[in-house]
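Engineer: Would you mind keeping the following structure in view while I ask a few things?
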Number of protein chains: 2
Amino acid sequence: MSNILILGGDGYLGWPAAMYFSNRGHKVTVVDNYFRRHVGDHINAAMLYPVPTLIERAKIWYKETGYEIRVIIGDLTDPELMRSLFSGQDINYDWSINNSYTDIPDTVIHYAEQPSAPYSLMNYKTANFTITNNLLVTNNLLFAIRDLAPDVHIIKLGTMGEYGTPNIDIEEGWINIESKGRKDKFLFPRQAGSLYHTTKIMDTDLMWFGVRMWDLKVTDLMQGPVYGIETEESKINNGLRTIFNYDEIFGTVINRFITQAVADYPLTVYGKGGQSRGYLNLEDSLQCAYISFENQAESGELRIFNQIMETFTVNELAELTQESAFELGFDVVINHIENPREEQEEHYYNPVYKGLTDLGVKPHLLSKQSMIDMIKIVKKFKSDINQDVIFNGVKW
Amino acid sequence: MSNILILGGDGYLGWPAAMYFSNRGHKVTVVDNYFRRHVGDHINAAMLYPVPTLIERAKIWYKETGYEIRVIIGDLTDPELMRSLFSGQDINYDWSINNSYTDIPDTVIHYAEQPSAPYSLMNYKTANFTITNNLLVTNNLLFAIRDLAPDVHIIKLGTMGEYGTPNIDIEEGWINIESKGRKDKFLFPRQAGSLYHTTKIMDTDLMWFGVRMWDLKVTDLMQGPVYGIETEESKINNGLRTIFNYDEIFGTVINRFITQAVADYPLTVYGKGGQSRGYLNLEDSLQCAYISFENQAESGELRIFNQIMETFTVNELAELTQESAFELGFDVVINHIENPREEQEEHYYNPVYKGLTDLGVKPHLLSKQSMIDMIKIVKKFKSDINQDVIFNGVKW
């Protein structure tokens, strides 16, 4: 039994991960500042259905399974809060059954970032927030582990978006460069298409520094956009479902297309729709985090995996959505709208993604059937969908 | 006549640059938050001689030359202060002769960073300060220019330390990579040896994003450690001399060795002393900034120059200091002390540095004579040197 600390444990990935690890018998603590819940007060965001608070969800989980997920509501840009989690001293949990255990975690999964590209580029204030939040949380984590618990394995969510869309194959984190008869190995070049994705490059810069200087153990999961709603654990009780955004700001593309299909809202393909990316579903994202936990990085290793299961163009996703929704009686229109983003709409894209399947991850690919399953769930909330938040065209 | 805005105008480079541009007939405004002056209240830092405030220096400059350098004391991590400088609205100068001109600058020189590697790694608080200060100033600048004054040319001080010590030749900012039969051009790989230097990599990430997305004009000067005291302008009046730190935290290596020689303090060579870096003197640093100003980057261009004039190992610098000081009667001991830093003490180092000399920069190389000239100045302050600050061994 391990002791798992999940930073950003209220999020789209964080909460399902908490249940996934808890369900497998591990002690789990989640920390979150409710950024995603509170930001909706200021911007045009929307979740498909209401989600109980983190404390309420932990209570439902405990009642249903007998497993405890401890909850701390707090802001991890505060270094003192971060350090308290590794100090071995008593922690003031906002919810727990037994407040006495103080053992230091052996694994940290770091999801505690502002994760939206459009949010990061709404204006200079959201840009500064994204930079400050993402880098201070990462830096506080690195220093806390260096100073207090150097054996902890950090599993950090990066993004495939760090690489951008280069004209060469995207390797798994690293590249060997030969130049003028000499050789060295470097981080694969990174040049992202949004400020949010750029902060993830900066996180990589920071972690690579920490690994080289202090022999930290880090796994960086370069994840593609995740889609999906239910996981094995959330099916136990509807109150355990993860937050599901379909708005332009926090919704990911497949989740948004499905919701648009249900809402009779033409699919918003940006420009030509040839933008190619790697994708994976929510359950596979958890599987990847778990297998990374089971197979730790070494001390002094920045281990990087490209965490995607397959690649699609936006046009392919729109067509698959259209075909799948048609089976359920929805007549979906695909709309090519003016691209609000500065990006290549047709480009080479050939990423390597072998590391995680080599460790034993079994991919669940996107299919008409899996699309239909998702659409059926979203359909239950059709009357709640707010069309106003679907597209406003945050430009960059 | 151009309108030049200098961010960090109180610093070792910022103030000499302000005089250099002013002396050539340009309108100059300097902004500074006095970080370097105030940080000495908390840490063991020391300047060789007292330096008048920025306002006092601007007054001396005006009295001596008739040229006005406008002064604003403020913190540029505040986006509103940054934006006010490009708004075309009235600015509240802390000192100026004529408070009425409100024209938007055409060139910004950005020196406003926490510039010390040891400071960035003293503890998690100084680490967070370095990240927040350096990235928010850069980001505020990029957004202000995007939103308010997109034609402004940004001259940004980067550092050769961003590249680290790779086993291949260091190109001038960029590298062409051929992989599996395909090609693309990328930023040259960056992997720095301190957290401060890592924040400069992050600045590059940010600027490269801004250039690609918003067609900004940016020149990034990848500077090596600068040495020197006097410039043509400071010789007019001793009150115009730049700040000169000889402490472990803010002193650069050549300036420190000279001071140690004068103070009968054995030269502090870290480990084997084979660490090789590129160097340039203060006047050449100004010459490089000026020639970059005269030859603007294009819109949508991140133009990168390696701003060094020659390379030395630490051992070579120690020996040159010893020989030069000997001529003035100092008997200097060279001490190889345990290296407090995690770094390679013997390594390949072959940087390209052609861009600035191609534009017309005339290098002034380090020589026994130039060393002797510096030692003579430092010698005047021998009795003021505080031996306690010379080495404390900030570790990383």
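By convention here, the chains of the structure tokens are called A, B, ... in the order presented, each chain's residues are numbered starting at 1, and ligands are numbered starting at 1 in the order presented.
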List the neighbours of Gly271 in chain A out to 7 Å using only C-alpha atoms; skip same-chain residues closer than 3 positions along the sequence, and give me the result as number ranges by chain.
Structural biologist: A: 336-339, 345
Engineer: Among the residues of range 73-105 of chain A, find those DSSP assigns to alpha helix (DSSP H) from the backbone and print them as a list in words.
Structural biologist: Pro79, Glu80, Leu81, Met82, Arg83 and Ser84 of chain A
Engineer: Just list as JSON, numbers by chain whatever in range 7-159 of chain B DSSP marks as strand (DSSP E or B).
Structural biologist: {"B": [7, 27, 28, 29, 30, 31, 32, 47, 69, 70, 71, 72, 73, 95, 107, 108, 109, 110, 153, 154, 155, 156, 157, 158, 159]}
Engineer: Counting only C-alpha atoms, which residues of chain A come no farther than 7 Å from chain B, as a list in words?
Structural biologist: Tyr124, Asn128, Thr132, Leu136, Phe143, Pro166, Asn167, Ile168, Ser179, Arg182, Lys183, Asp184, Phe186, Pro189, Thr198, Met202, Asp205, Leu206, Met213, Glu342 and Trp396 of chain A
Engineer: Give me the residues near Met122 in chain A as a PyMOL selection string, where near means some atom within 8 Å (using only C-alpha atoms) and where sequence neighbours in that chain fewer than 3 positions away do not count.
Structural biologist: chain A and resi 118-119+126-127+394-395
Engineer: Would you output that residue set with N, CA and C atoms, as an mmCIF file, in the first residue's frame?
Structural biologist:
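Listing of again.cif after writing:
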data_model
loop_
_atom_site.group_PDB
_atom_site.id
_atom_site.type_symbol
_atom_site.label_atom_id
_atom_site.label_comp_id
_atom_site.auth_asym_id
_atom_site.auth_seq_id
_atom_site.Cartn_x
_atom_site.Cartn_y
_atom_site.Cartn_z
ATOM 1 N N PRO A 118 -7.186 28.753 -24.088
ATOM 2 C CA PRO A 118 -7.893 30.035 -24.263
ATOM 3 C C PRO A 118 -7.886 30.887 -22.994
ATOM 4 N N TYR A 119 -8.047 30.264 -21.820
ATOM 5 C CA TYR A 119 -8.023 31.061 -20.588
ATOM 6 C C TYR A 119 -6.693 31.798 -20.453
ATOM 7 N N THR A 126 -5.108 37.002 -17.027
ATOM 8 C CA THR A 126 -5.207 35.538 -17.028
ATOM 9 C C THR A 126 -3.874 34.929 -17.473
ATOM 10 N N ALA A 127 -3.156 35.657 -18.313
ATOM 11 C CA ALA A 127 -1.822 35.187 -18.707
ATOM 12 C C ALA A 127 -0.897 35.149 -17.493
ATOM 13 N N VAL A 394 -12.203 33.232 -28.383
ATOM 14 C CA VAL A 394 -11.033 33.846 -27.729
ATOM 15 C C VAL A 394 -9.870 33.774 -28.721
ATOM 16 N N LYS A 395 -9.349 34.913 -29.063
ATOM 17 C CA LYS A 395 -8.359 35.005 -30.157
ATOM 18 C C LYS A 395 -6.928 35.026 -29.648
#
